[in-house]
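What follows is start_3.cif (mmCIF, C-alpha atoms and all ligand atoms).
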```
data_start
#
loop_
_atom_site.label_atom_id
_atom_site.label_comp_id
_atom_site.auth_asym_id
_atom_site.auth_seq_id
_atom_site.Cartn_x
_atom_site.Cartn_y
_atom_site.Cartn_z
CA MET A 42 32.37 -8.40 44.74
CA ASN A 43 32.82 -11.19 42.24
CA ARG A 44 36.46 -12.17 41.63
CA LYS A 45 37.47 -15.03 39.35
CA ALA A 46 40.98 -16.28 38.66
CA PHE A 47 41.63 -18.35 35.55
CA ILE A 48 44.83 -20.28 36.18
CA ASN A 49 47.23 -22.53 34.28
CA ILE A 50 46.08 -21.03 30.98
CA LYS A 51 48.09 -22.64 28.20
CA GLN A 52 48.16 -19.43 26.12
CA LEU A 53 46.60 -16.07 26.97
CA LEU A 54 46.23 -14.24 23.66
CA GLN A 55 46.07 -10.59 22.62
CA VAL A 56 47.52 -9.23 25.86
CA GLU A 57 48.30 -5.53 26.07
CA THR A 58 50.38 -4.01 28.83
CA ASN A 59 51.81 -0.60 27.96
CA THR A 60 49.96 1.99 25.87
CA LEU A 61 46.82 0.43 24.54
CA LYS A 62 46.41 0.36 20.79
CA LEU A 63 43.11 1.16 19.13
CA LYS A 64 43.97 -1.04 16.12
CA VAL A 65 46.85 -2.91 14.52
CA SER A 66 47.98 -2.32 10.93
CA GLY A 67 50.33 -3.86 8.37
CA GLU A 68 53.45 -5.52 9.83
CA GLU A 69 52.07 -5.18 13.39
CA MET A 70 49.27 -7.57 12.51
CA LYS A 71 51.80 -10.41 12.22
CA THR A 72 52.32 -10.29 15.98
CA LEU A 73 49.79 -11.66 18.42
CA PRO A 74 51.10 -10.77 21.89
CA LEU A 75 50.64 -13.71 24.28
CA ILE A 76 51.67 -15.19 27.60
CA ASN A 77 52.31 -18.93 27.90
CA ASN A 78 51.21 -20.61 31.13
CA ALA A 79 49.28 -17.59 32.34
CA TYR A 80 46.69 -16.44 34.84
CA LEU A 81 43.89 -13.93 34.35
CA ILE A 82 41.85 -12.22 37.06
CA VAL A 83 38.39 -10.81 36.40
CA GLU A 84 36.59 -8.64 38.93
CA ASN A 85 32.89 -8.10 38.24
CA ASP A 86 32.84 -7.18 34.53
CA GLU A 87 36.48 -6.12 34.18
CA ILE A 88 39.91 -7.57 33.60
CA VAL A 89 41.98 -6.49 36.63
CA ASP A 90 45.17 -8.52 36.40
CA PHE A 91 47.01 -11.10 34.32
CA GLY A 92 50.53 -12.47 33.98
CA GLU A 93 52.74 -15.50 34.11
CA MET A 94 51.55 -18.32 36.31
CA ASN A 95 54.69 -18.20 38.50
CA ASN A 96 53.68 -14.67 39.57
CA PHE A 97 50.17 -15.73 40.55
CA GLN A 98 49.28 -15.11 44.18
CA ASN A 99 46.27 -16.98 45.41
CA ASN A 100 44.07 -15.63 48.14
CA ASN A 101 40.71 -16.83 49.30
CA THR A 102 38.70 -13.93 47.83
CA LEU A 103 39.15 -15.61 44.45
CA THR A 104 37.15 -18.33 42.76
CA THR A 105 39.77 -20.22 40.77
CA ILE A 106 39.07 -21.91 37.46
CA ASP A 107 41.70 -24.32 36.20
CA CYS A 108 42.36 -23.91 32.46
CA THR A 109 45.06 -26.52 31.96
CA GLY A 110 45.56 -27.10 28.21
CA GLN A 111 43.08 -24.35 27.32
CA ILE A 112 43.60 -21.04 25.52
CA ILE A 113 41.96 -17.75 26.46
CA LEU A 114 41.45 -14.89 24.03
CA PRO A 115 39.15 -11.86 23.71
CA THR A 116 35.76 -12.63 22.16
CA TRP A 117 35.25 -11.88 18.48
CA TYR A 118 33.83 -8.48 17.51
CA ASP A 119 31.56 -8.81 14.50
CA SER A 120 31.41 -5.31 13.03
CA HIS A 121 29.14 -6.02 10.05
CA THR A 122 25.88 -7.96 10.26
CA HIS A 123 22.27 -7.84 9.15
CA ILE A 124 20.93 -10.27 11.80
CA VAL A 125 17.58 -8.50 12.14
CA TYR A 126 15.72 -10.06 9.23
CA ALA A 127 12.55 -12.03 8.60
CA GLY A 128 12.65 -15.59 7.34
CA ASN A 129 15.18 -17.18 5.04
CA ARG A 130 15.92 -17.21 1.30
CA GLU A 131 16.95 -20.82 0.90
CA GLN A 132 15.08 -21.06 -2.42
CA GLU A 133 17.46 -18.48 -3.93
CA PHE A 134 20.35 -20.63 -2.73
CA VAL A 135 18.93 -23.55 -4.69
CA ASP A 136 18.28 -21.27 -7.70
CA ARG A 137 21.94 -20.28 -7.69
CA ILE A 138 23.02 -23.92 -7.55
CA ASN A 139 20.84 -24.45 -10.61
CA GLY A 140 22.61 -21.70 -12.52
CA LEU A 141 21.07 -18.30 -11.78
CA THR A 142 23.43 -15.57 -10.59
CA TYR A 143 22.96 -13.38 -7.50
CA GLU A 144 22.36 -10.42 -9.84
CA GLU A 145 19.79 -12.31 -11.93
CA ILE A 146 17.89 -13.33 -8.81
CA ALA A 147 17.85 -9.72 -7.60
CA ASN A 148 16.67 -8.47 -10.99
CA ASN A 149 13.78 -10.96 -10.87
CA GLY A 150 12.46 -9.45 -7.63
CA GLY A 151 14.40 -11.78 -5.34
CA GLY A 152 17.35 -10.67 -3.26
CA ILE A 153 17.02 -7.69 -0.94
CA LEU A 154 13.48 -6.93 -2.19
CA ASN A 155 12.40 -10.47 -1.29
CA SER A 156 13.64 -9.94 2.27
CA ALA A 157 12.02 -6.48 2.35
CA LYS A 158 8.62 -7.97 1.54
CA LYS A 159 8.95 -10.49 4.37
CA LEU A 160 10.18 -7.79 6.74
CA GLN A 161 7.31 -5.45 5.96
CA GLU A 162 4.81 -8.22 6.76
CA ILE A 163 6.30 -9.57 9.99
CA SER A 164 5.26 -8.26 13.43
CA GLU A 165 7.84 -6.50 15.58
CA GLU A 166 7.50 -9.25 18.24
CA GLU A 167 8.20 -12.04 15.75
CA LEU A 168 11.09 -10.08 14.22
CA TYR A 169 12.59 -9.65 17.67
CA LYS A 170 12.20 -13.35 18.41
CA GLN A 171 13.94 -14.47 15.20
CA SER A 172 16.73 -11.92 15.65
CA ALA A 173 17.31 -12.79 19.32
CA GLU A 174 17.67 -16.46 18.37
CA ARG A 175 20.44 -15.53 15.93
CA LEU A 176 22.12 -13.37 18.53
CA ASP A 177 22.00 -16.15 21.13
CA GLU A 178 23.53 -18.50 18.59
CA VAL A 179 26.48 -16.26 17.71
CA ILE A 180 27.27 -15.33 21.32
CA LYS A 181 27.73 -19.05 22.02
CA LEU A 182 30.12 -19.10 19.05
CA GLY A 183 32.27 -16.46 20.73
CA THR A 184 30.90 -13.16 19.45
CA GLY A 185 31.11 -10.63 22.29
CA GLY A 186 30.07 -7.49 20.40
CA ILE A 187 28.07 -6.97 17.23
CA GLU A 188 26.98 -4.31 14.76
CA ILE A 189 23.53 -4.70 13.21
CA LYS A 190 22.14 -2.92 10.15
CA SER A 191 18.66 -1.98 9.04
CA GLY A 192 18.05 -2.06 5.29
CA TYR A 193 15.50 -4.80 4.72
CA GLY A 194 12.60 -2.48 5.56
CA LEU A 195 12.81 0.07 2.73
CA THR A 196 9.68 1.91 3.97
CA VAL A 197 9.55 4.42 6.81
CA ALA A 198 7.57 2.05 9.02
CA ALA A 199 9.63 -1.06 8.27
CA GLU A 200 13.02 0.64 8.65
CA LEU A 201 11.86 1.96 12.04
CA LYS A 202 10.64 -1.52 12.95
CA MET A 203 14.11 -2.93 12.26
CA LEU A 204 15.91 -0.20 14.18
CA ARG A 205 13.54 -0.47 17.16
CA THR A 206 14.21 -4.20 17.17
CA ILE A 207 17.95 -3.49 17.33
CA LYS A 208 17.27 -1.06 20.17
CA LYS A 209 15.36 -3.75 22.06
CA LEU A 210 18.27 -6.17 21.57
CA LYS A 211 20.57 -3.50 23.01
CA GLU A 212 18.32 -3.22 26.06
CA ASN A 213 18.08 -6.97 26.65
CA TYR A 214 21.65 -8.12 25.94
CA ASN A 215 24.79 -7.13 27.82
CA ILE A 216 27.16 -7.21 24.85
CA PRO A 217 27.96 -4.00 22.96
CA ILE A 218 25.55 -3.64 20.03
CA LYS A 219 25.87 -0.85 17.45
CA ALA A 220 23.03 0.12 15.12
CA THR A 221 23.55 1.18 11.53
CA PHE A 222 20.88 2.78 9.35
CA LEU A 223 21.06 1.22 5.87
CA GLY A 224 17.93 2.70 4.28
CA ALA A 225 19.87 2.91 0.99
CA HIS A 226 20.25 -0.86 0.62
CA ALA A 227 18.13 -1.22 -2.54
CA VAL A 228 15.57 0.87 -4.40
CA PRO A 229 12.16 -0.51 -3.36
CA ALA A 230 9.76 -1.67 -6.06
CA GLU A 231 7.44 1.32 -5.50
CA TYR A 232 10.30 3.65 -6.46
CA LYS A 233 11.46 1.76 -9.54
CA GLY A 234 12.65 4.41 -12.01
CA ASN A 235 12.52 7.05 -9.27
CA LYS A 236 15.62 6.42 -7.21
CA GLN A 237 15.89 10.09 -6.27
CA GLY A 238 12.38 9.90 -4.82
CA TYR A 239 13.52 7.11 -2.51
CA LEU A 240 16.71 8.98 -1.54
CA ASP A 241 14.51 11.99 -0.67
CA LEU A 242 12.34 9.73 1.50
CA ILE A 243 15.42 8.52 3.36
CA ILE A 244 16.78 12.03 3.80
CA ASN A 245 13.59 13.94 4.56
CA GLU A 246 11.50 11.38 6.42
CA MET A 247 13.51 8.43 7.74
CA LEU A 248 16.59 10.25 9.02
CA PRO A 249 14.74 12.86 11.15
CA LEU A 250 12.66 10.13 12.84
CA ILE A 251 15.68 7.90 13.44
CA SER A 252 17.56 10.79 14.95
CA LYS A 253 14.62 11.79 17.13
CA GLU A 254 14.36 8.28 18.60
CA ASN A 255 18.14 7.94 18.71
CA LEU A 256 17.99 4.66 16.81
CA ALA A 257 21.38 4.56 15.04
CA GLU A 258 24.99 5.55 15.47
CA TYR A 259 26.17 4.73 11.95
CA ILE A 260 24.94 5.24 8.39
CA ASP A 261 25.47 2.85 5.50
CA ILE A 262 24.69 2.63 1.77
CA PHE A 263 25.12 -0.14 -0.79
CA CYS A 264 27.34 1.81 -3.19
CA GLU A 265 27.34 -0.54 -6.18
CA THR A 266 26.57 -0.65 -9.88
CA GLY A 267 22.83 -1.27 -10.20
CA TYR A 268 22.14 -0.13 -6.62
CA PHE A 269 23.41 3.31 -5.51
CA SER A 270 26.02 5.51 -7.21
CA VAL A 271 28.83 7.56 -5.75
CA ASP A 272 26.64 10.68 -6.09
CA ASP A 273 23.87 8.93 -4.17
CA THR A 274 26.46 7.99 -1.56
CA GLU A 275 27.47 11.63 -1.25
CA GLN A 276 23.84 12.65 -0.65
CA ILE A 277 23.25 9.99 1.99
CA LEU A 278 26.52 10.46 3.85
CA ALA A 279 26.10 14.24 3.86
CA ALA A 280 22.56 13.89 5.21
CA GLY A 281 23.70 11.40 7.85
CA LYS A 282 26.42 13.79 8.93
CA GLN A 283 23.78 16.41 9.74
CA TYR A 284 22.50 13.99 12.37
CA GLY A 285 25.93 12.94 13.62
CA LEU A 286 25.83 9.51 11.94
CA ILE A 287 29.27 8.17 11.00
CA PRO A 288 29.59 6.19 7.75
CA LYS A 289 30.24 2.45 7.55
CA THR A 290 29.63 1.58 3.92
CA HIS A 291 29.11 -1.34 1.54
CA VAL A 292 31.63 -0.71 -1.26
CA ASN A 293 33.52 -2.61 -3.98
CA GLN A 294 31.58 -5.87 -3.67
CA PHE A 295 31.18 -6.37 -7.41
CA THR A 296 32.64 -3.20 -8.96
CA SER A 297 35.08 -0.46 -7.95
CA ILE A 298 33.31 2.84 -8.68
CA GLY A 299 34.78 5.29 -6.17
CA GLY A 300 32.75 4.42 -3.09
CA ILE A 301 35.87 3.97 -0.98
CA GLN A 302 37.12 7.49 -1.79
CA LYS A 303 33.73 9.05 -1.11
CA SER A 304 33.38 7.20 2.21
CA ILE A 305 36.84 8.32 3.31
CA GLU A 306 35.98 11.90 2.37
CA TYR A 307 33.14 11.62 4.93
CA ASN A 308 35.46 10.13 7.58
CA ALA A 309 33.98 6.65 7.40
CA LEU A 310 34.87 4.43 10.34
CA THR A 311 34.93 1.44 7.98
CA VAL A 312 34.58 0.49 4.33
CA ASP A 313 33.26 -3.04 3.98
CA HIS A 314 33.35 -5.88 1.41
CA LEU A 315 36.24 -4.76 -0.87
CA GLU A 316 36.22 -7.95 -2.92
CA LEU A 317 37.67 -5.68 -5.62
CA VAL A 318 40.41 -3.18 -4.78
CA SER A 319 42.08 -0.91 -7.36
CA ASP A 320 45.38 0.92 -6.98
CA ALA A 321 43.46 4.18 -6.49
CA ASP A 322 41.40 2.53 -3.71
CA LEU A 323 44.57 1.36 -2.03
CA ALA A 324 46.14 4.82 -2.22
CA ALA A 325 43.03 6.42 -0.71
CA LEU A 326 42.96 3.92 2.17
CA LYS A 327 46.64 4.53 2.92
CA ASN A 328 45.93 8.18 3.64
CA SER A 329 43.09 7.51 6.07
CA ASP A 330 42.11 6.05 9.45
CA THR A 331 39.22 4.21 7.82
CA MET A 332 39.31 0.48 8.55
CA PRO A 333 38.80 -1.90 5.61
CA VAL A 334 36.52 -4.80 6.59
CA ALA A 335 36.62 -8.15 4.79
CA LEU A 336 33.67 -10.56 4.79
CA PRO A 337 35.07 -13.91 3.66
CA SER A 338 31.91 -15.92 4.41
CA CYS A 339 30.10 -13.80 1.80
CA SER A 340 32.78 -14.59 -0.80
CA TYR A 341 32.54 -18.25 0.14
CA PHE A 342 28.76 -18.42 -0.10
CA LEU A 343 28.44 -16.44 -3.36
CA SER A 344 31.64 -17.82 -4.93
CA ILE A 345 32.94 -14.32 -5.60
CA PRO A 346 36.54 -13.15 -5.14
CA TYR A 347 37.93 -12.77 -1.61
CA THR A 348 39.09 -9.39 -0.36
CA PRO A 349 42.80 -9.18 -1.25
CA ALA A 350 43.98 -9.21 2.35
CA ARG A 351 47.64 -9.73 1.48
CA GLN A 352 47.65 -6.69 -0.77
CA LEU A 353 46.03 -4.53 1.93
CA ILE A 354 48.16 -5.71 4.86
CA ASP A 355 51.41 -5.80 2.87
CA ASN A 356 50.76 -2.17 1.98
CA GLY A 357 50.71 -1.32 5.67
CA LEU A 358 46.94 -1.15 6.05
CA ALA A 359 44.79 -2.49 8.87
CA LEU A 360 42.08 -5.05 8.22
CA ALA A 361 39.08 -6.25 10.23
CA LEU A 362 37.09 -9.43 9.66
CA ALA A 363 33.31 -9.72 10.05
CA THR A 364 30.56 -12.14 9.07
CA ASP A 365 27.98 -10.08 7.09
CA TYR A 366 25.35 -12.48 8.56
CA ASN A 367 22.26 -11.94 6.34
CA PRO A 368 19.69 -14.09 4.54
CA GLY A 369 20.95 -13.49 0.98
CA SER A 370 24.71 -13.46 0.69
CA THR A 371 25.85 -14.92 4.05
CA PRO A 372 23.41 -16.99 6.10
CA SER A 373 26.04 -17.62 8.78
CA GLY A 374 27.23 -15.66 11.78
CA ASN A 375 30.10 -17.91 12.76
CA MET A 376 33.22 -15.80 13.36
CA ASN A 377 35.29 -18.97 13.86
CA PHE A 378 34.57 -19.93 10.27
CA VAL A 379 35.44 -16.37 9.17
CA VAL A 380 38.83 -16.57 10.90
CA SER A 381 39.50 -19.97 9.34
CA THR A 382 38.44 -18.89 5.87
CA ALA A 383 40.58 -15.76 6.10
CA CYS A 384 43.60 -18.00 6.68
CA ILE A 385 42.70 -20.65 4.12
CA LYS A 386 41.41 -18.47 1.28
CA MET A 387 42.94 -15.04 1.91
CA LYS A 388 46.37 -16.25 3.08
CA MET A 389 46.18 -14.36 6.34
CA THR A 390 48.34 -15.84 9.08
CA PRO A 391 46.54 -17.03 12.22
CA GLU A 392 48.03 -14.02 14.05
CA GLU A 393 46.69 -11.59 11.44
CA ALA A 394 43.26 -13.21 11.37
CA ILE A 395 42.90 -13.20 15.17
CA ASN A 396 44.02 -9.55 15.31
CA ALA A 397 41.51 -8.72 12.59
CA ALA A 398 38.62 -10.43 14.41
CA THR A 399 39.36 -9.13 17.91
CA LEU A 400 41.07 -5.73 18.32
CA ASN A 401 40.44 -4.52 14.77
CA GLY A 402 36.87 -5.80 14.92
CA ALA A 403 36.34 -3.75 18.07
CA TYR A 404 37.86 -0.71 16.31
CA ALA A 405 35.40 -1.25 13.46
CA MET A 406 32.61 -0.92 16.04
CA GLY A 407 34.18 2.11 17.70
CA ILE A 408 34.78 0.28 21.00
CA SER A 409 38.44 -0.77 20.95
CA ASN A 410 39.19 1.50 23.92
CA THR A 411 37.11 -0.82 26.13
CA HIS A 412 37.01 -4.14 24.23
CA GLY A 413 39.06 -6.32 21.89
CA SER A 414 42.14 -7.21 23.93
CA ILE A 415 43.21 -8.60 27.29
CA ALA A 416 44.15 -5.39 29.10
CA ILE A 417 43.63 -4.10 32.62
CA GLY A 418 40.39 -2.12 32.79
CA LYS A 419 38.91 -3.61 29.63
CA LYS A 420 35.65 -5.54 29.73
CA ALA A 421 35.96 -9.25 30.49
CA ASN A 422 34.49 -10.61 27.26
CA ILE A 423 36.56 -13.72 26.65
CA ILE A 424 36.59 -17.07 24.89
CA ILE A 425 37.93 -20.12 26.70
CA THR A 426 38.81 -22.88 24.25
CA LYS A 427 38.69 -26.60 24.74
CA PRO A 428 42.14 -28.10 25.34
CA ILE A 429 44.02 -27.52 22.05
CA ASN A 430 47.66 -27.66 21.06
CA SER A 431 48.10 -24.01 20.04
CA TYR A 432 46.05 -21.11 18.73
CA ASN A 433 46.86 -22.25 15.19
CA VAL A 434 44.30 -25.00 15.75
CA LEU A 435 41.52 -22.38 15.77
CA PRO A 436 41.76 -21.63 12.02
CA TYR A 437 43.24 -25.03 11.14
CA SER A 438 40.35 -27.18 12.35
CA PHE A 439 37.72 -25.35 10.27
CA GLY A 440 34.16 -26.34 11.02
CA THR A 441 35.05 -27.68 14.47
CA ASN A 442 33.78 -25.88 17.52
CA ASN A 443 36.86 -25.39 19.68
CA ILE A 444 35.08 -23.19 22.22
CA SER A 445 34.51 -24.51 25.72
CA THR A 446 32.89 -21.43 27.28
CA VAL A 447 32.35 -17.74 26.69
CA LEU A 448 32.40 -15.02 29.36
CA ILE A 449 30.48 -11.80 28.80
CA ASN A 450 31.14 -8.95 31.23
CA GLY A 451 32.81 -11.43 33.53
CA GLU A 452 29.86 -13.84 33.62
CA PHE A 453 29.69 -17.29 32.03
CA ILE A 454 26.94 -17.33 29.41
O1 LIG A 501 26.24 -7.25 2.59
N1 LIG A 501 25.66 -6.27 -0.33
C1 LIG A 501 24.62 -5.89 0.13
N2 LIG A 501 23.92 -6.39 1.14
C2 LIG A 501 24.10 -7.64 1.77
C3 LIG A 501 23.35 -8.75 1.17
C4 LIG A 501 22.01 -8.43 0.72
C5 LIG A 501 21.12 -9.60 0.47
O2 LIG A 501 21.31 -10.36 -0.48
O3 LIG A 501 20.17 -9.74 1.25
C6 LIG A 501 25.57 -7.96 1.87
O4 LIG A 501 26.09 -8.89 1.24
FE FE A 502 26.43 -6.47 4.39
#
```
Show this structure as structure tokens.
Amino acid sequence: MNRKAFINIKQLLQVETNTLKLKVSGEEMKTLPLINNAYLIVENDEIVDFGEMNNFQNNNTLTTIDCTGQIILPTWYDSHTHIVYAGNREQEFVDRINGLTYEEIANNGGGILNSAKKLQEISEEELYKQSAERLDEVIKLGTGGIEIKSGYGLTVAAELKMLRTIKKLKENYNIPIKATFLGAHAVPAEYKGNKQGYLDLIINEMLPLISKENLAEYIDIFCETGYFSVDDTEQILAAGKQYGLIPKTHVNQFTSIGGIQKSIEYNALTVDHLELVSDADLAALKNSDTMPVALPSCSYFLSIPYTPARQLIDNGLALALATDYNPGSTPSGNMNFVVSTACIKMKMTPEEAINAATLNGAYAMGISNTHGSIAIGKKANIIITKPINSYNVLPYSFGTNNISTVLINGEFI
């Protein structure tokens, strides 16, 4: 048996003692439950005890780790990424600096179709290697659970290649990984002018194979003007439902066209992006358990509006934060930057942002019963910071790496 005691912890964040919450919403998000001068005991992969330092009882079955001046919190849960992709699109970044818009680049055959071409050509081994490098990088940055989407394949073979790569990551990494099928990410060039033909391919060919190999737990669609409509969304979510796939959708990135309402109708776990939110969207969200997910690094990189976090939270809603790590709109998987940017640009308080990136992030991956807070019986996925003054330093010192070490399932990475 492996027992570790972390002692003299300056602040132990996101502690839960009584009934465990699956998520925090509205007013509740302003509170980040913590213990000053705390201890934490981890046995094998689980949290088994924690409390105030003056109640700590040492015994020689414990390895003790002194955390004087350091803060411990649950790892980040990144509920929206596209980290399985081939190569980069740094030329499009330069094109945007020189005046082209994201839409113009996409219309000229760049964007998602550019990544799809690269993805179709790459071998599964090389795709795995590139993706695993990204995963290694973000785990070191404190990500202890991640969702990964397909959607750069856009052919039967290439979508399966992406999803099998995610499956291999699941087998080789001991953090929770959730797979989302995003066949409806863009209409591939071969189906230009025949969007319904591509939707039929997704529904009649891709979905049965994905289900047979058990390659995904969630289904996604880019519901957006110029990509897929609300009617398309209905078709895809209904088809996914036949195979038990729960929706997590891309909605309201550039336009508000009713994707939120349609996703909620299909019991979506999350609706993601939401750079634009109308009163009708807000009303629909209020009557649901669907978690809105904001992706501030995407807003930062594309210079588009930020999700109106204040409006959502002040209306009593929950909010999760994720990276959107992908080669086009967000070539960064750093959740620390996301938390910082949420505070700086979206006026979230540090408490709200940390709640949104830990417990609510875990909810947005469907795992908040086992991950996302410091609670007895939960998995010991934790971040240990360098010595810092308070948790406010985490968002305050943007761009600085404040992490000393990360523990996954009770083991130092
Ligand atoms: O979440 N919005 C749609 N999909 C991705 C980006 C796609 C790309 O440019 O590669 C996103 O931002
Ligand atoms: Fe995305």
Ligand FE 502 (chain A): which residues are within 7 Å, counting only C-alpha atoms and all ligand atoms? Reply as number ranges by chain.
A: 121-123, 291, 365
Nearest residue to ligand LIG 501 (chain A) out of A:Thr382, A:Asn433, A:Asn148, A:Asn450, using all atoms listed in the file?
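Using all atoms listed in the file, the shortest distance to ligand LIG 501 (chain A) belongs to A:Asn148.
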Name the residues, by chain letter and number, that sit within 7 Å of ligand LIG 501 (chain A) using all atoms listed in the file, and give them as a PyMOL selection string.
chain A and resi 152-153+156+226+263+291+294+339+365+367-371
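Here the question is which of A:Thr446, A:Ser172, A:Thr109, A:Gln283 gets nearest to Ile244 of chain A using only C-alpha atoms, and that residue is A:Gln283.
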Skipping near chain neighbours, those fewer than 3 positions away, what residues fall within 10 Å of Val312 of chain A using only C-alpha atoms, listed as a PyMOL selection string?
chain A and resi 261+288-293+300-302+304-305+309+315+326+331-335+405
Near-Leu248 of chain A list (12 Å; all atoms listed in the file; drop same-chain fewer than 5 positions) as an MDAnalysis selection string:
chainID A and resid 196:197 200:201 204 221:225 240:243 253:260 277:286
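We find atom CA of Ser120 of chain A and atom CA of Glu188 of chain A to be spaced 4.9 Å apart.
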Please determine, counting all atoms listed in the file, which residue among A:Leu250, A:Ile408, A:Ala157, A:Leu400 has the shortest atom-to-atom distance to Pro115 of chain A.
A:Leu400
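Distance-wise, atom CA of Ala359 of chain A and atom CA of Met389 of chain A end up 12.2 Å apart.
Every residue within 10 Å of the file position (37.7, -1.0, 17.1), judged by all atoms listed in the file, is given as Lys62, Leu63, Lys64, Val65, Tyr118, Ser120, Leu310, Thr311, Met332, Ala361, Ala397, Ala398, Thr399, Leu400, Asn401, Gly402, Ala403, Tyr404, Ala405, Met406, Gly407, Ile408, Ser409, Asn410, Thr411, His412 and Gly413 of chain A.
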One decimal place gives the atom CA of Thr441 of chain A-atom CA of Ile112 of chain A separation as 15.5 Å
Name the residues in contact with Ala421 of chain A at a cut-off of 7 Å, using only C-alpha atoms, excluding same-chain residues fewer than 2 positions from it; report them as a PyMOL selection string.
chain A and resi 83+86-88+419+423+448-451
From A:Ala147, A:Leu210, A:Ala199, A:Ala324, residue lying nearest Asp177 of chain A [only C-alpha atoms]:
A:Leu210
